[in-house]
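A.B. asks: The following file, query-v7.txt, comprises compact mmCIF, C-alpha atoms and all ligand atoms:
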# COMPACT_ATOMS: atom_id res chain seq x y z
CA MET A 1 -9.00 -5.03 17.73
CA ASP A 2 -7.81 -2.22 19.89
CA PRO A 3 -7.46 1.36 18.61
CA GLU A 4 -3.78 0.79 17.99
CA PHE A 5 -4.58 -1.95 15.44
CA TRP A 6 -6.58 0.53 13.36
CA ARG A 7 -4.12 3.40 13.74
CA GLN A 8 -1.44 1.06 12.44
CA ARG A 9 -3.60 -0.02 9.49
CA TRP A 10 -3.99 3.63 8.49
CA LYS A 11 -0.30 4.31 9.02
CA GLU A 12 0.58 1.45 6.67
CA ASN A 13 -2.21 2.41 4.28
CA ARG A 14 -3.75 -1.07 4.60
CA ILE A 15 -7.25 0.18 3.97
CA GLY A 16 -8.79 -2.36 1.60
CA PHE A 17 -12.18 -1.50 3.14
CA HIS A 18 -12.11 2.01 1.68
CA GLN A 19 -14.38 2.50 -1.34
CA HIS A 20 -13.55 5.22 -3.83
CA GLU A 21 -17.14 5.34 -5.04
CA VAL A 22 -20.17 6.21 -2.97
CA ASN A 23 -21.80 3.05 -1.61
CA PRO A 24 -24.61 2.09 -4.03
CA TYR A 25 -26.88 0.97 -1.16
CA LEU A 26 -26.61 4.42 0.39
CA ILE A 27 -27.73 6.06 -2.84
CA ARG A 28 -30.53 3.54 -3.28
CA TYR A 29 -31.94 3.27 0.21
CA TRP A 30 -31.16 6.55 1.98
CA PRO A 31 -33.99 8.53 0.33
CA GLY A 32 -36.48 5.99 1.76
CA LEU A 33 -35.52 7.08 5.28
CA GLU A 34 -37.15 10.44 4.50
CA LEU A 35 -34.88 12.39 6.79
CA ASP A 36 -35.15 16.14 6.58
CA PRO A 37 -32.26 17.82 4.79
CA GLY A 38 -30.39 19.76 7.42
CA SER A 39 -30.59 16.85 9.89
CA ARG A 40 -27.40 15.86 11.65
CA ILE A 41 -26.27 12.41 10.54
CA TYR A 42 -23.93 10.38 12.70
CA VAL A 43 -21.35 8.19 10.93
CA PRO A 44 -19.56 6.02 13.50
CA LEU A 45 -16.16 4.52 12.58
CA CYS A 46 -16.24 6.71 9.49
CA GLY A 47 -12.74 6.33 8.02
CA LYS A 48 -12.44 8.69 5.06
CA SER A 49 -15.62 7.39 3.48
CA ALA A 50 -16.86 9.13 0.33
CA ASP A 51 -20.35 8.41 1.68
CA MET A 52 -19.96 11.32 4.08
CA TYR A 53 -19.34 13.74 1.24
CA TRP A 54 -22.40 12.37 -0.57
CA LEU A 55 -24.55 12.87 2.55
CA SER A 56 -23.33 16.46 2.85
CA GLU A 57 -24.20 17.02 -0.81
CA GLN A 58 -27.76 15.90 -0.04
CA GLY A 59 -27.96 18.75 2.49
CA TYR A 60 -27.23 16.86 5.70
CA ARG A 61 -24.76 17.88 8.35
CA VAL A 62 -22.39 14.98 8.97
CA ILE A 63 -20.82 14.04 12.31
CA GLY A 64 -18.20 11.33 11.82
CA VAL A 65 -15.98 9.61 14.36
CA ASP A 66 -12.76 7.76 13.73
CA ILE A 67 -9.84 6.76 15.88
CA SER A 68 -7.32 7.62 13.17
CA ALA A 69 -6.17 11.21 12.58
CA ILE A 70 -4.68 10.04 9.27
CA ALA A 71 -8.15 9.05 8.05
CA ILE A 72 -9.68 12.37 9.05
CA ARG A 73 -6.91 14.49 7.59
CA ALA A 74 -7.13 12.46 4.34
CA PHE A 75 -10.89 12.94 4.15
CA PHE A 76 -10.65 16.72 4.20
CA SER A 77 -7.62 17.00 1.93
CA GLU A 78 -8.87 14.48 -0.67
CA ASN A 79 -12.19 16.32 -0.87
CA ASP A 80 -10.53 19.74 -1.04
CA LEU A 81 -12.31 20.91 2.09
CA GLN A 82 -10.93 23.49 4.48
CA ALA A 83 -11.36 22.38 8.09
CA SER A 84 -10.59 23.99 11.42
CA ARG A 85 -9.05 21.76 14.06
CA ILE A 86 -9.62 21.99 17.79
CA PRO A 87 -7.49 19.56 19.79
CA GLY A 88 -8.85 18.24 23.07
CA GLU A 89 -7.83 15.79 25.73
CA GLN A 90 -9.81 12.77 24.56
CA ALA A 91 -11.04 14.08 21.20
CA THR A 92 -9.87 16.38 18.44
CA HIS A 93 -12.65 18.11 16.51
CA TRP A 94 -12.31 18.97 12.84
CA SER A 95 -14.98 21.12 11.22
CA SER A 96 -15.74 22.20 7.70
CA GLU A 97 -18.90 23.91 6.54
CA GLN A 98 -21.08 20.78 6.46
CA ILE A 99 -18.94 18.08 8.02
CA ASP A 100 -17.62 17.64 11.56
CA LEU A 101 -15.21 14.81 12.17
CA ILE A 102 -14.10 13.81 15.63
CA CYS A 103 -10.88 11.94 16.13
CA ALA A 104 -11.64 9.82 19.20
CA ASP A 105 -12.60 6.39 20.42
CA PHE A 106 -16.27 5.81 19.51
CA PHE A 107 -16.83 4.10 22.86
CA GLU A 108 -15.70 7.16 24.79
CA LEU A 109 -18.18 9.56 23.21
CA GLY A 110 -21.63 10.34 24.55
CA ARG A 111 -24.43 12.78 23.80
CA GLU A 112 -22.46 15.66 25.25
CA ASP A 113 -19.86 15.14 22.50
CA ILE A 114 -22.08 14.23 19.57
CA GLY A 115 -25.16 16.37 20.23
CA ARG A 116 -28.61 15.57 18.93
CA ILE A 117 -28.69 13.49 15.78
CA GLY A 118 -31.47 12.99 13.25
CA GLY A 119 -30.10 9.84 11.61
CA PHE A 120 -27.12 7.53 11.38
CA TYR A 121 -25.23 5.53 8.79
CA ASP A 122 -23.12 2.44 9.51
CA ARG A 123 -21.19 0.90 6.66
CA ALA A 124 -18.47 -1.48 7.85
CA ALA A 125 -18.58 -0.13 11.41
CA LEU A 126 -20.37 -2.88 13.37
CA ILE A 127 -18.56 -5.52 11.29
CA ALA A 128 -15.20 -3.92 12.10
CA LEU A 129 -15.71 -4.90 15.74
CA PRO A 130 -15.04 -8.31 17.31
CA ALA A 131 -18.06 -10.12 18.79
CA LYS A 132 -17.37 -9.09 22.39
CA ARG A 133 -17.58 -5.36 21.53
CA ARG A 134 -20.74 -5.41 19.44
CA GLN A 135 -23.27 -5.21 22.27
CA HIS A 136 -21.44 -2.19 23.61
CA TYR A 137 -21.59 -0.64 20.14
CA ALA A 138 -25.36 -1.21 19.93
CA SER A 139 -25.86 0.27 23.41
CA ARG A 140 -23.78 3.35 22.57
CA LEU A 141 -25.76 3.92 19.40
CA SER A 142 -29.03 3.66 21.24
CA GLU A 143 -27.84 6.12 23.92
CA LEU A 144 -27.19 8.66 21.17
CA THR A 145 -30.58 8.34 19.50
CA ASP A 146 -34.13 9.42 20.33
CA THR A 147 -37.39 7.70 19.53
CA GLY A 148 -37.87 7.82 15.78
CA THR A 149 -34.21 8.31 14.88
CA THR A 150 -33.53 6.20 11.79
CA GLY A 151 -30.43 4.85 10.15
CA LEU A 152 -29.01 2.46 7.60
CA LEU A 153 -26.66 -0.35 8.54
CA VAL A 154 -24.72 -2.23 5.84
CA SER A 155 -23.21 -5.49 7.06
CA LEU A 156 -21.63 -8.74 5.88
CA ASP A 157 -22.53 -12.34 6.60
CA TYR A 158 -20.18 -15.20 5.68
CA GLY A 159 -18.73 -18.37 7.19
CA GLN A 160 -16.59 -16.92 10.00
CA GLU A 161 -14.68 -20.22 10.29
CA ARG A 162 -13.31 -19.64 6.76
CA MET A 163 -11.70 -16.25 7.36
CA GLU A 164 -10.47 -14.18 10.24
CA GLY A 165 -11.95 -10.72 10.53
CA PRO A 166 -12.06 -7.83 10.21
CA PRO A 167 -14.39 -7.51 8.48
CA PHE A 168 -16.30 -9.88 10.76
CA SER A 169 -19.41 -11.78 9.85
CA VAL A 170 -22.57 -10.56 11.58
CA SER A 171 -25.61 -12.67 10.80
CA GLU A 172 -29.10 -11.24 10.66
CA ASP A 173 -29.94 -13.21 13.82
CA GLU A 174 -27.06 -11.64 15.70
CA LEU A 175 -27.93 -8.17 14.46
CA ARG A 176 -31.51 -8.62 15.64
CA GLN A 177 -30.31 -9.82 19.04
CA LEU A 178 -28.03 -6.80 19.38
CA PHE A 179 -30.55 -4.14 18.44
CA THR A 180 -34.04 -5.51 18.83
CA ASP A 181 -34.75 -4.21 22.34
CA ARG A 182 -34.20 -0.58 21.31
CA PHE A 183 -34.77 -0.54 17.53
CA THR A 184 -37.23 -1.85 15.00
CA ILE A 185 -35.32 -3.57 12.22
CA GLU A 186 -36.23 -4.02 8.59
CA ARG A 187 -34.02 -5.83 6.10
CA LEU A 188 -34.05 -3.83 2.89
CA HIS A 189 -31.61 -5.86 0.83
CA SER A 190 -29.66 -9.11 0.88
CA GLU A 191 -27.34 -10.30 -1.86
CA ASP A 192 -24.52 -12.80 -2.26
CA VAL A 193 -21.72 -10.78 -3.88
CA ILE A 194 -18.91 -13.37 -3.68
CA GLU A 195 -18.63 -13.61 -7.49
CA THR A 196 -17.68 -9.96 -7.70
CA ARG A 197 -15.22 -10.01 -4.74
CA PRO A 198 -12.19 -12.10 -5.76
CA ARG A 199 -10.25 -10.70 -2.79
CA PHE A 200 -12.61 -12.55 -0.43
CA ARG A 201 -12.79 -15.67 -2.57
CA ASP A 202 -8.99 -15.81 -2.40
CA ARG A 203 -9.27 -15.67 1.39
CA GLY A 204 -11.41 -18.82 1.34
CA LEU A 205 -15.00 -17.58 1.30
CA ASP A 206 -17.65 -19.37 -0.72
CA ARG A 207 -20.39 -16.87 0.07
CA LEU A 208 -20.45 -13.23 1.08
CA ILE A 209 -23.86 -11.83 1.82
CA GLU A 210 -24.26 -8.07 1.92
CA ASN A 211 -27.22 -7.08 4.05
CA VAL A 212 -28.76 -3.64 4.32
CA PHE A 213 -30.99 -2.89 7.30
CA GLN A 214 -33.08 0.07 8.27
CA LEU A 215 -33.09 0.65 12.02
CA ARG A 216 -35.56 2.91 13.76
CA ARG A 217 -35.23 3.77 17.42
CA ARG A 218 -38.27 2.70 19.45
C1 LIG B 301 -13.63 -1.12 8.29
S1 LIG B 301 -13.27 0.57 8.51
C2 LIG B 301 -14.72 1.33 7.84
C3 LIG B 301 -14.57 2.80 7.57
C4 LIG B 301 -15.77 3.45 6.91
N1 LIG B 301 -17.01 3.24 7.62
C5 LIG B 301 -15.90 3.05 5.46
O1 LIG B 301 -16.98 2.61 5.06
O2 LIG B 301 -14.92 3.18 4.71
C6 LIG B 301 -13.41 0.77 10.25
C7 LIG B 301 -12.95 2.13 10.75
O3 LIG B 301 -13.22 2.23 12.13
C8 LIG B 301 -12.18 2.92 12.77
N2 LIG B 301 -12.24 2.49 14.18
C9 LIG B 301 -12.02 1.26 14.66
N3 LIG B 301 -12.24 1.20 15.99
C10 LIG B 301 -12.63 2.46 16.35
C11 LIG B 301 -13.03 3.04 17.59
N4 LIG B 301 -13.06 2.33 18.73
N5 LIG B 301 -13.39 4.34 17.60
C12 LIG B 301 -13.36 5.07 16.46
N6 LIG B 301 -12.99 4.57 15.26
C13 LIG B 301 -12.63 3.27 15.20
C14 LIG B 301 -10.93 2.53 12.01
O4 LIG B 301 -9.89 3.47 12.13
C15 LIG B 301 -11.46 2.42 10.58
O5 LIG B 301 -11.30 3.62 9.87
Mind converting the file's structure to structure tokens?
Ligand SMILES: C[S@@+](CC[C@H](N)C(=O)[O-])C[C@H]1O[C@@H](n2cnc3c(N)ncnc32)[C@H](O)[C@@H]1O

C.D. replies:
Amino acid sequence: MDPEFWRQRWKENRIGFHQHEVNPYLIRYWPGLELDPGSRIYVPLCGKSADMYWLSEQGYRVIGVDISAIAIRAFFSENDLQASRIPGEQATHWSSEQIDLICADFFELGREDIGRIGGFYDRAALIALPAKRRQHYASRLSELTDTGTTGLLVSLDYGQERMEGPPFSVSEDELRQLFTDRFTIERLHSEDVIETRPRFRDRGLDRLIENVFQLRRR
């Protein structure tokens, strides 16, 4: 899944992962993180997620990263937000009053690009990556966080042999292996949603577990 794969998906508008509504787990579990309004929240592999607008409405400053300029442009225009754009060599920065989106490869960005963050939110980011890239993802996230930094991670678990990703299946065991040395992990929610996802049933799945984890940097 190289960056070109995702740019092409956006170009062809093949974005079945995009949710028009705010993710219900975000609304339900985010308040429990007790992050100060005004904190900077990192949203890796952000797409044009409505969740970012919701976070900004709660008073947070959002820093999103996506490889696709189409996604970023669409986010600002669909939410009627004016944004300034500063092109750079490896990253283009878009900024509105509460939301900064960076068009770049997540793996190329470090603290000097993202700045200090108070929290993070991953919905369909880790599970967008093939197995061989996930440890790198976890390491990057830990490099960007300080002790106490907290986030939510929403992932999927299903029989990988039944369907090719993305989205990929990431079991709770794998997630714990990826993050446990740098984060404490608490599962907040786990639910089989296959009955309400005919799209995935049609692709051969007989179970589709949505898991929500709270991660806190050690
Ligand atoms: C499955 S989508 C999820 C988007 C968003 N989190 C949501 O909930 O709608 C994965 C996103 O990651 C972006 N992406 C994939 N690889 C990336 C990378 N290496 N760096 C930055 N963005 C990437 C894709 O363009 C795509 O928008």

A.B. asks: So how many Å separate atom CA of Leu45 of chain A and atom CA of Ile67 of chain A, to one decimal?

C.D. replies: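 One can read the atom CA of Leu45 of chain A to atom CA of Ile67 of chain A distance as 7.5 Å.
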
A.B. asks: If the limit is 9 Å from any atom of ligand LIG 301 (chain B), counting only C-alpha atoms and all ligand atoms, which residues qualify? Return them as number ranges by chain.

C.D. replies: A: 1-10, 15-20, 23, 43-51, 65-72, 102-108, 121-129, 166-167

A.B. asks: Which of these residues is nearest to Ile209 of chain A, using all atoms listed in the file: A:Ser56, A:Ser190, A:Thr196, A:Ser84?

C.D. replies: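 Residue with the minimum atom-to-atom distance to Ile209 of chain A: A:Ser190.
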
A.B. asks: Taking all atoms listed in the file into account, which of A:Leu26, A:Ile63, A:Met52, A:Met163 comes nearest Gly118 of chain A?

C.D. replies: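 With all atoms listed in the file as the atom set, the closest residue is A:Ile63.
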
A.B. asks: Could you tell me how far atom CA of Pro24 of chain A sits from atom CA of Arg218 of chain A, in Å to one decimal place?

C.D. replies: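 We find that atom CA of Arg218 of chain A and atom CA of Pro24 of chain A lie 27.2 Å from each other.
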
A.B. asks: May I ask which of the residues A:Asn211, A:Ser142, A:Gln82, A:Gln98 is the closest one to Glu172 of chain A, counting all atoms listed in the file?

C.D. replies: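 Answer, going by the shortest atom-to-atom distance: A:Asn211.
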
A.B. asks: What does the distance from atom CA of Glu186 of chain A to atom CA of Leu215 of chain A come to in Å, to one decimal?

C.D. replies: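 We find that atom CA of Glu186 of chain A and atom CA of Leu215 of chain A lie 6.6 Å from each other.
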
A.B. asks: Considering all atoms listed in the file, state which residue in the set A:Arg116, A:His189, A:Arg216, A:Lys11 is at the smallest distance from Leu33 of chain A.

C.D. replies: A:Arg216

A.B. asks: From the options A:Ser39, A:Gln160, A:Ser171, A:Thr92, which residue's atoms come nearest to Arg203 of chain A, counting all atoms listed in the file?

C.D. replies: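 Once distances to Arg203 of chain A are computed over all atoms listed in the file, the minimum belongs to A:Gln160.
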
A.B. asks: How big is the axis-aligned box around all listed atoms of segment 14-17 of chain A once 4 Å goes on each side, and where's its centre, in Å to one decimal, as lines of an AutoDock Vina configuration file?

C.D. replies:
center_x = -8.0
center_y = -1.1
center_z = 3.1
size_x = 16.4
size_y = 10.5
size_z = 11.0

A.B. asks: Can you list, as a compact mmCIF listing (two decimals) with C-alpha atoms, in the coordinates of the input, every protein, DNA or RNA residue that comes within 8 Å of Arg85 of chain A when you count all atoms listed in the file, leaving out same-chain residues fewer than 6 positions away?

C.D. replies:
# COMPACT_ATOMS: atom_id res chain seq x y z
CA THR A 92 -9.87 16.38 18.44
CA HIS A 93 -12.65 18.11 16.51
CA TRP A 94 -12.31 18.97 12.84
CA SER A 95 -14.98 21.12 11.22

A.B. asks: For Phe200 of chain A, which residue out of A:Glu164, A:Glu97, A:Asp173, A:Asp181 is the nearest one, using all atoms listed in the file?

C.D. replies: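 Among A:Glu164, A:Glu97, A:Asp173, A:Asp181, it is A:Glu164 that comes nearest to Phe200 of chain A.
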
A.B. asks: Need the neighbours of (-27.4, -8.7, 18.2): which residues are at most 12 Å away, counting only C-alpha atoms, as a list of chain:residue names?

C.D. replies: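 Protein and nucleic acid residues near the point are A:Leu126, A:Ile127, A:Ala131, A:Lys132, A:Arg133, A:Arg134, A:Gln135, A:His136, A:Tyr137, A:Ala138, A:Ser139, A:Ser169, A:Val170, A:Ser171, A:Glu172, A:Asp173, A:Glu174, A:Leu175, A:Arg176, A:Gln177, A:Leu178, A:Phe179, A:Thr180, A:Asp181, A:Arg182, A:Phe183, A:Ile185.
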